[in-house]
>>> print(open('entry-v4.pdb').read())   # PDB, C-alpha atoms and all ligand atoms
MODEL        1
ATOM      1  CA  MET A1445      17.331 -10.562   8.672
ATOM      2  CA  SER A1446      19.616 -10.699  11.673
ATOM      3  CA  LEU A1447      21.844 -13.761  12.174
ATOM      4  CA  PHE A1448      20.412 -14.575  15.571
ATOM      5  CA  ASP A1449      16.654 -14.613  15.161
ATOM      6  CA  ASP A1450      14.051 -14.928  12.481
ATOM      7  CA  GLN A1451      12.652 -11.432  12.929
ATOM      8  CA  PRO A1452      13.280  -8.922  10.153
ATOM      9  CA  ASP A1453      15.315  -5.809  11.009
ATOM     10  CA  ILE A1454      12.698  -3.127  11.546
ATOM     11  CA  ILE A1455      13.331   0.563  10.901
ATOM     12  CA  GLU A1456      11.036   1.964  13.601
ATOM     13  CA  ASN A1457      10.570   5.342  11.963
ATOM     14  CA  ILE A1458      11.865   6.432   8.575
ATOM     15  CA  LEU A1459      10.366   9.933   9.053
ATOM     16  CA  PRO A1460      12.340  12.635  10.919
ATOM     17  CA  TYR A1461       9.203  14.252  12.475
ATOM     18  CA  ASP A1462       5.413  14.656  12.138
ATOM     19  CA  GLY A1463       4.488  11.006  11.828
ATOM     20  CA  ILE A1464       5.521   7.401  12.305
ATOM     21  CA  THR A1465       6.247   5.159   9.345
ATOM     22  CA  SER A1466       7.962   1.842  10.056
ATOM     23  CA  TYR A1467       9.701  -0.312   7.475
ATOM     24  CA  TYR A1468       9.678  -3.969   8.534
ATOM     25  CA  GLY A1469      11.714  -5.162   5.526
ATOM     26  CA  LYS A1470      10.907  -8.602   4.093
ATOM     27  CA  ILE A1471       8.307 -10.245   6.328
ATOM     28  CA  PHE A1472       7.781 -13.118   3.865
ATOM     29  CA  SER A1473      10.463 -15.507   2.597
ATOM     30  CA  ASP A1474      11.233 -15.208  -1.129
ATOM     31  CA  GLU A1475       9.408 -18.505  -1.646
ATOM     32  CA  GLU A1476       6.260 -17.298   0.127
ATOM     33  CA  ALA A1477       6.437 -13.930  -1.629
ATOM     34  CA  ASP A1478       6.753 -15.622  -5.068
ATOM     35  CA  HIS A1479       3.732 -17.750  -4.225
ATOM     36  CA  TYR A1480       1.640 -14.736  -3.141
ATOM     37  CA  PHE A1481       2.661 -12.717  -6.202
ATOM     38  CA  GLU A1482       1.408 -15.478  -8.551
ATOM     39  CA  ALA A1483      -1.761 -16.073  -6.512
ATOM     40  CA  LEU A1484      -2.642 -12.362  -6.381
ATOM     41  CA  MET A1485      -1.906 -11.904 -10.070
ATOM     42  CA  THR A1486      -4.414 -14.605 -11.064
ATOM     43  CA  GLN A1487      -7.033 -14.493  -8.280
ATOM     44  CA  THR A1488      -7.591 -10.741  -8.059
ATOM     45  CA  GLU A1489     -10.445  -9.059  -9.931
ATOM     46  CA  TRP A1490      -8.191  -6.403 -11.454
ATOM     47  CA  LYS A1491      -9.882  -3.338 -12.977
ATOM     48  CA  SER A1492      -8.522  -0.164 -14.532
ATOM     49  CA  ASP A1493      -8.690   2.758 -12.153
ATOM     50  CA  GLN A1494     -10.144   6.081 -13.128
ATOM     51  CA  ALA A1495      -8.454   9.361 -12.372
ATOM     52  CA  VAL A1496      -9.492  12.931 -13.019
ATOM     53  CA  ILE A1497      -6.728  14.889 -14.764
ATOM     54  CA  PHE A1498      -7.482  18.525 -15.655
ATOM     55  CA  GLY A1499     -11.199  17.805 -15.320
ATOM     56  CA  LYS A1500     -11.106  14.774 -17.657
ATOM     57  CA  VAL A1501     -11.780  11.209 -16.515
ATOM     58  CA  ILE A1502      -9.033   8.892 -17.760
ATOM     59  CA  GLU A1503      -8.462   5.146 -17.332
ATOM     60  CA  THR A1504      -5.152   4.313 -15.670
ATOM     61  CA  LYS A1505      -2.857   1.559 -16.987
ATOM     62  CA  ARG A1506      -2.310   0.629 -13.353
ATOM     63  CA  LYS A1507      -4.932  -1.912 -12.264
ATOM     64  CA  VAL A1508      -6.708  -1.841  -8.899
ATOM     65  CA  ALA A1509      -9.038  -3.973  -6.786
ATOM     66  CA  TRP A1510     -10.672  -3.323  -3.470
ATOM     67  CA  TYR A1511     -11.545  -5.985  -0.880
ATOM     68  CA  GLY A1512     -13.030  -5.701   2.608
ATOM     69  CA  ASP A1513     -14.952  -7.172   5.551
ATOM     70  CA  GLU A1514     -18.294  -6.033   4.246
ATOM     71  CA  LYS A1515     -19.641  -4.328   1.196
ATOM     72  CA  TYR A1516     -18.012  -1.079   2.184
ATOM     73  CA  SER A1517     -18.317   1.757  -0.181
ATOM     74  CA  TYR A1518     -15.261   3.914  -0.106
ATOM     75  CA  THR A1519     -14.372   7.153  -1.812
ATOM     76  CA  TYR A1520     -10.892   7.234  -3.296
ATOM     77  CA  SER A1521      -9.603  10.009  -5.554
ATOM     78  CA  GLY A1522     -13.147  11.338  -5.779
ATOM     79  CA  ARG A1523     -14.620   8.030  -7.053
ATOM     80  CA  THR A1524     -16.798   5.689  -5.010
ATOM     81  CA  LYS A1525     -16.027   1.972  -4.989
ATOM     82  CA  THR A1526     -17.604  -1.086  -3.360
ATOM     83  CA  ALA A1527     -15.444  -3.735  -1.680
ATOM     84  CA  LEU A1528     -15.378  -7.389  -2.754
ATOM     85  CA  PRO A1529     -15.336 -10.089  -0.024
ATOM     86  CA  TRP A1530     -11.870 -11.294   1.099
ATOM     87  CA  ASN A1531     -10.444 -14.400  -0.568
ATOM     88  CA  ARG A1532      -8.226 -16.973   1.200
ATOM     89  CA  THR A1533      -4.972 -15.518  -0.108
ATOM     90  CA  LEU A1534      -5.802 -12.023   1.110
ATOM     91  CA  LEU A1535      -6.973 -13.321   4.499
ATOM     92  CA  LYS A1536      -3.675 -15.177   4.976
ATOM     93  CA  ILE A1537      -1.648 -12.066   4.144
ATOM     94  CA  LYS A1538      -3.878  -9.934   6.388
ATOM     95  CA  GLU A1539      -3.425 -12.404   9.266
ATOM     96  CA  LYS A1540       0.352 -12.232   8.886
ATOM     97  CA  ILE A1541       0.590  -8.436   8.846
ATOM     98  CA  GLU A1542      -1.826  -8.144  11.776
ATOM     99  CA  ALA A1543       0.377 -10.566  13.755
ATOM    100  CA  VAL A1544       3.599  -8.751  12.813
ATOM    101  CA  SER A1545       2.279  -5.238  13.453
ATOM    102  CA  GLY A1546      -0.306  -5.673  16.210
ATOM    103  CA  GLU A1547      -2.761  -3.572  14.173
ATOM    104  CA  THR A1548      -6.067  -4.684  12.616
ATOM    105  CA  PHE A1549      -7.521  -3.834   9.213
ATOM    106  CA  ASN A1550     -10.949  -4.188   7.596
ATOM    107  CA  SER A1551     -10.236  -3.366   3.957
ATOM    108  CA  CYS A1552      -7.501  -3.445   1.351
ATOM    109  CA  LEU A1553      -6.772  -1.608  -1.875
ATOM    110  CA  LEU A1554      -4.613  -3.610  -4.292
ATOM    111  CA  ASN A1555      -2.536  -1.984  -7.033
ATOM    112  CA  LEU A1556      -0.895  -3.708 -10.001
ATOM    113  CA  TYR A1557       1.895  -1.764 -11.744
ATOM    114  CA  HIS A1558       2.819  -3.677 -14.927
ATOM    115  CA  ASN A1559       6.291  -2.080 -15.073
ATOM    116  CA  GLY A1560       8.174   1.084 -14.075
ATOM    117  CA  SER A1561       6.195   3.271 -16.496
ATOM    118  CA  GLU A1562       3.256   2.997 -14.079
ATOM    119  CA  GLY A1563       3.339   4.674 -10.664
ATOM    120  CA  MET A1564       1.241   6.787  -8.335
ATOM    121  CA  ALA A1565       1.534  10.567  -7.955
ATOM    122  CA  TYR A1566       2.012  12.364  -4.620
ATOM    123  CA  HIS A1567      -1.031  12.052  -2.356
ATOM    124  CA  SER A1568      -1.939  11.248   1.227
ATOM    125  CA  ASP A1569      -4.528   8.710   2.315
ATOM    126  CA  GLY A1570      -6.551  10.838   4.692
ATOM    127  CA  GLU A1571      -9.891  10.151   3.014
ATOM    128  CA  LYS A1572     -12.853  10.871   5.235
ATOM    129  CA  ASP A1573     -14.058   7.225   5.282
ATOM    130  CA  LEU A1574     -10.823   6.084   6.925
ATOM    131  CA  LYS A1575     -10.311   5.914  10.668
ATOM    132  CA  ASP A1576      -8.530   9.091  11.835
ATOM    133  CA  ASN A1577      -4.781   8.477  12.164
ATOM    134  CA  GLY A1578      -5.432   4.753  11.549
ATOM    135  CA  ALA A1579      -2.510   2.622  10.392
ATOM    136  CA  ILE A1580      -2.159   1.945   6.669
ATOM    137  CA  SER A1581       0.092  -0.966   5.844
ATOM    138  CA  SER A1582       1.561  -1.479   2.432
ATOM    139  CA  VAL A1583       2.747  -4.966   1.449
ATOM    140  CA  SER A1584       4.809  -5.322  -1.746
ATOM    141  CA  PHE A1585       5.273  -8.280  -4.101
ATOM    142  CA  GLY A1586       7.237  -8.443  -7.345
ATOM    143  CA  ALA A1587       9.682  -5.823  -8.638
ATOM    144  CA  ALA A1588      11.382  -3.670  -5.983
ATOM    145  CA  ARG A1589      10.374  -0.026  -6.391
ATOM    146  CA  LYS A1590      11.425   3.285  -4.864
ATOM    147  CA  PHE A1591       8.905   5.034  -2.615
ATOM    148  CA  HIS A1592       9.067   8.727  -1.707
ATOM    149  CA  PHE A1593       7.665  10.861   1.099
ATOM    150  CA  LYS A1594       7.449  14.668   0.915
ATOM    151  CA  HIS A1595       6.513  16.842   3.893
ATOM    152  CA  LYS A1596       3.532  19.063   3.048
ATOM    153  CA  THR A1597       5.075  22.264   4.445
ATOM    154  CA  THR A1598       8.841  21.801   4.897
ATOM    155  CA  LYS A1599       9.066  19.842   1.576
ATOM    156  CA  GLU A1600      11.644  17.514   3.160
ATOM    157  CA  LEU A1601      12.067  14.291   1.159
ATOM    158  CA  VAL A1602      12.505  10.734   2.447
ATOM    159  CA  SER A1603      13.074   7.832   0.098
ATOM    160  CA  LEU A1604      13.260   4.069   0.510
ATOM    161  CA  ILE A1605      13.052   0.893  -1.554
ATOM    162  CA  LEU A1606      10.075  -1.427  -1.105
ATOM    163  CA  GLU A1607      11.307  -4.982  -1.533
ATOM    164  CA  HIS A1608       9.563  -8.205  -2.623
ATOM    165  CA  GLY A1609       7.607  -9.515   0.396
ATOM    166  CA  SER A1610       8.129  -6.387   2.504
ATOM    167  CA  LEU A1611       5.869  -4.404   4.819
ATOM    168  CA  LEU A1612       5.705  -0.618   5.262
ATOM    169  CA  MET A1613       3.400   0.713   7.996
ATOM    170  CA  MET A1614       2.247   4.363   7.957
ATOM    171  CA  LYS A1615       0.792   5.378  11.319
ATOM    172  CA  ASP A1616      -0.073   8.223  13.642
ATOM    173  CA  VAL A1617      -0.159  11.638  11.884
ATOM    174  CA  THR A1618       1.839  10.517   8.801
ATOM    175  CA  GLN A1619      -1.049  11.179   6.377
ATOM    176  CA  LYS A1620      -1.705  14.613   7.855
ATOM    177  CA  PHE A1621       1.836  15.923   7.315
ATOM    178  CA  TRP A1622       3.383  13.820   4.536
ATOM    179  CA  LEU A1623       2.562  13.009   0.917
ATOM    180  CA  HIS A1624       3.796   9.763  -0.616
ATOM    181  CA  ARG A1625       4.283   8.565  -4.176
ATOM    182  CA  LEU A1626       5.529   5.644  -6.224
ATOM    183  CA  PRO A1627       7.721   7.363  -8.840
ATOM    184  CA  THR A1628       7.873   6.017 -12.385
ATOM    185  CA  THR A1629      11.191   4.679 -13.675
ATOM    186  CA  THR A1630      12.563   3.260 -16.922
ATOM    187  CA  LYS A1631      14.768   0.849 -14.954
ATOM    188  CA  VAL A1632      12.004  -1.504 -13.811
ATOM    189  CA  ILE A1633      10.550  -3.800 -16.468
ATOM    190  CA  ARG A1634       8.807  -6.307 -14.210
ATOM    191  CA  PRO A1635       5.425  -5.991 -12.469
ATOM    192  CA  ARG A1636       4.791  -5.090  -8.838
ATOM    193  CA  ILE A1637       1.676  -5.652  -6.729
ATOM    194  CA  SER A1638       1.001  -3.621  -3.586
ATOM    195  CA  LEU A1639      -1.665  -4.264  -0.975
ATOM    196  CA  THR A1640      -2.613  -1.303   1.188
ATOM    197  CA  PHE A1641      -4.579  -2.505   4.199
ATOM    198  CA  ARG A1642      -6.731   0.186   5.811
ATOM    199  CA  THR A1643      -9.439   0.678   8.420
ATOM    200  CA  ILE A1644     -12.747   2.080   7.264
ATOM    201  CA  ASP A1645     -14.594   3.780  10.117
ATOM    202  CA  ARG A1646     -18.212   2.615   9.994
ATOM    203  CA  SER A1647     -19.365   5.293  12.433
ATOM    204  CA  LYS A1648     -18.525   8.157  10.056
TER
HETATM  205  O1  LIG B1701       1.855   0.973  -4.347
HETATM  206  C1  LIG B1701       2.157   1.470  -3.275
HETATM  207  O2  LIG B1701       3.038   1.022  -2.552
HETATM  208  C2  LIG B1701       1.444   2.699  -2.760
HETATM  209  C3  LIG B1701       0.021   2.745  -3.094
HETATM  210  C4  LIG B1701      -0.655   3.886  -2.424
HETATM  211  O3  LIG B1701      -0.065   4.834  -1.979
HETATM  212  C5  LIG B1701      -2.112   3.838  -2.280
HETATM  213  O4  LIG B1701      -2.742   2.878  -2.772
HETATM  214  O5  LIG B1701      -2.678   4.749  -1.675
HETATM  215 FE    FE B1702      -1.332   6.003  -0.689
ENDMDL
END
>>> encode(input="entry-v4.pdb", output="C-alpha cells", more="lines below")
Ligand SMILES: O=C(O)CCC(=O)C(=O)O
Ligand SMILES: [Fe+2]
Amino acid sequence: MSLFDDQPDIIENILPYDGITSYYGKIFSDEEADHYFEALMTQTEWKSDQAVIFGKVIETKRKVAWYGDEKYSYTYSGRTKTALPWNRTLLKIKEKIEAVSGETFNSCLLNLYHNGSEGMAYHSDGEKDLKDNGAISSVSFGAARKFHFKHKTTKELVSLILEHGSLLMMKDVTQKFWLHRLPTTTKVIRPRISLTFRTIDRSK
C-alpha cells in the first residue's frame, strides 16, 4: 500500500514480452482475507481432482471446486466438469475483483492446497471453452506461495510471491506464450486457497 491512498501498488506487467500479467498485491485487508479464507474453507464443495499421469487416472491431494453463472460444462485437463451456482461469498469476491480490474467473469475454479507438498505443474489455461485471450484472475488466500512463469519458446522464467488476499491478472496473449505453475515446497506447512475467475465463451 502507498502512504497516500488506499489503492494497492500495482505491478502493471510482470512479463517482459508476449503477454500482460498484472500483480495488484493485496486487494483485501488481512481481516477481510482471513474471513474469506475461513468462509471458503467451510462453504466450498471441495472434491479431489483427477489427473492423467502416464495414461493413468490419479486422484490429486489438491482439492478443487468449480462455480459459475450457469450450469456450464467445462473441460479442464481433459476432464469435463459442471459448474455449481455461485454462493454469496464467491459473489462478493467476484464483485470486488471486477471493480478493481474492470474485467468481468462468469466462472471460477477454486483450488485448495493443504500445504507446500501440493502444487500445480506447468500449464497454460488456453482451453477451448474459454474466451480467446480473456482475462484470468487469480485471487489467493492463506499461505503465501511462489508462482512461476516460463516462456514456451525462449524458456525465460519469471517468479513472484502470491500473498494472502492478493490478485494476479493474466491477460492478453499470456496463455498463448507462457506456462505457469505453483511449485511445491517443504517450507510451507499451512493451506492456501486460490480462486481463478475465467470467462467461458458460450458461443463456442
Ligand atoms: O493456484 C494458483 O494460483 C494457480 C492455479 C492455476 O493455475 C489454475 O487453476 O489453472
Ligand atoms: Fe492455470
>>> residues_near_ligand(input="entry-v4.pdb", ligand="ligand LIG 1701 (chain B)", cutoff="6 Å", atoms="only C-alpha atoms and all ligand atoms", output="ChimeraX atom specification")
/A:1555,1569,1582,1638,1640
>>> resolve_selection(input="entry-v4.pdb", expression="the PyMOL selection byres (((not hetatm)) within 7 of (chain B and resi 1702))", output="CSV table (one decimal) with C-alpha atoms, keeping the file's coordinate frame")
chain,number,residue,atom,x,y,z
A,1567,HIS,CA,-1.0,12.1,-2.4
A,1568,SER,CA,-1.9,11.2,1.2
A,1569,ASP,CA,-4.5,8.7,2.3
A,1624,HIS,CA,3.8,9.8,-0.6
>>> resolve_selection(input="entry-v4.pdb", expression="the PyMOL selection byres (((chain A and resi 1474) around 12) and not hetatm)", output="tab-separated table (two decimals) with C-alpha atoms, keeping the file's coordinate frame")
chain	number	residue	atom	x	y	z
A	1470	LYS	CA	10.91	-8.60	4.09
A	1471	ILE	CA	8.31	-10.24	6.33
A	1472	PHE	CA	7.78	-13.12	3.86
A	1473	SER	CA	10.46	-15.51	2.60
A	1475	GLU	CA	9.41	-18.50	-1.65
A	1476	GLU	CA	6.26	-17.30	0.13
A	1477	ALA	CA	6.44	-13.93	-1.63
A	1478	ASP	CA	6.75	-15.62	-5.07
A	1479	HIS	CA	3.73	-17.75	-4.22
A	1480	TYR	CA	1.64	-14.74	-3.14
A	1481	PHE	CA	2.66	-12.72	-6.20
A	1584	SER	CA	4.81	-5.32	-1.75
A	1585	PHE	CA	5.27	-8.28	-4.10
A	1586	GLY	CA	7.24	-8.44	-7.34
A	1607	GLU	CA	11.31	-4.98	-1.53
A	1608	HIS	CA	9.56	-8.20	-2.62
A	1609	GLY	CA	7.61	-9.52	0.40
A	1610	SER	CA	8.13	-6.39	2.50
>>> resolve_selection(input="entry-v4.pdb", expression="the PyMOL selection byres (((chain A and resi 1492-1502) around 12) and not hetatm)", output="CSV table (one decimal) with C-alpha atoms, keeping the file's coordinate frame")
chain,number,residue,atom,x,y,z
A,1489,GLU,CA,-10.4,-9.1,-9.9
A,1490,TRP,CA,-8.2,-6.4,-11.5
A,1491,LYS,CA,-9.9,-3.3,-13.0
A,1503,GLU,CA,-8.5,5.1,-17.3
A,1504,THR,CA,-5.2,4.3,-15.7
A,1505,LYS,CA,-2.9,1.6,-17.0
A,1506,ARG,CA,-2.3,0.6,-13.4
A,1507,LYS,CA,-4.9,-1.9,-12.3
A,1508,VAL,CA,-6.7,-1.8,-8.9
A,1509,ALA,CA,-9.0,-4.0,-6.8
A,1510,TRP,CA,-10.7,-3.3,-3.5
A,1520,TYR,CA,-10.9,7.2,-3.3
A,1521,SER,CA,-9.6,10.0,-5.6
A,1522,GLY,CA,-13.1,11.3,-5.8
A,1523,ARG,CA,-14.6,8.0,-7.1
A,1524,THR,CA,-16.8,5.7,-5.0
A,1525,LYS,CA,-16.0,2.0,-5.0
A,1553,LEU,CA,-6.8,-1.6,-1.9
A,1554,LEU,CA,-4.6,-3.6,-4.3
A,1555,ASN,CA,-2.5,-2.0,-7.0
A,1556,LEU,CA,-0.9,-3.7,-10.0
A,1557,TYR,CA,1.9,-1.8,-11.7
A,1558,HIS,CA,2.8,-3.7,-14.9
A,1564,MET,CA,1.2,6.8,-8.3
A,1565,ALA,CA,1.5,10.6,-8.0
>>> atom_distance(input="entry-v4.pdb", atom1="atom CA of Ile1537 of chain A", atom2="atom CA of Leu1606 of chain A")
16.7 Å
>>> closest_residue(input="entry-v4.pdb", among="A:Gln1619, A:Ser1581, A:Thr1598, A:Ser1561", to="Ile1633 of chain A", atoms="only C-alpha atoms")
A:Ser1561
>>> residues_around(input="entry-v4.pdb", residues="Ile1605 of chain A", least_positions_apart="5", cutoff="6 Å", atoms="all atoms listed in the file", output="list in words")
Arg1589, Lys1590 and Phe1591 of chain A
>>> closest_residue(input="entry-v4.pdb", among="A:Val1632, A:Ala1483, A:Cys1552, A:Ile1455", to="Leu1574 of chain A", atoms="all atoms listed in the file")
A:Cys1552
>>> closest_residue(input="entry-v4.pdb", among="A:Leu1601, A:Ala1543, A:Ile1637, A:Ile1464", to="Ala1588 of chain A", atoms="all atoms listed in the file")
A:Ile1637
>>> axis_aligned_box(input="entry-v4.pdb", around="segment 1454-1464 of chain A", padding_each_side="8 Å", output="JSON")
{"center_x": 8.9, "center_y": 5.8, "center_z": 11.1, "size_x": 24.8, "size_y": 33.8, "size_z": 21.0}
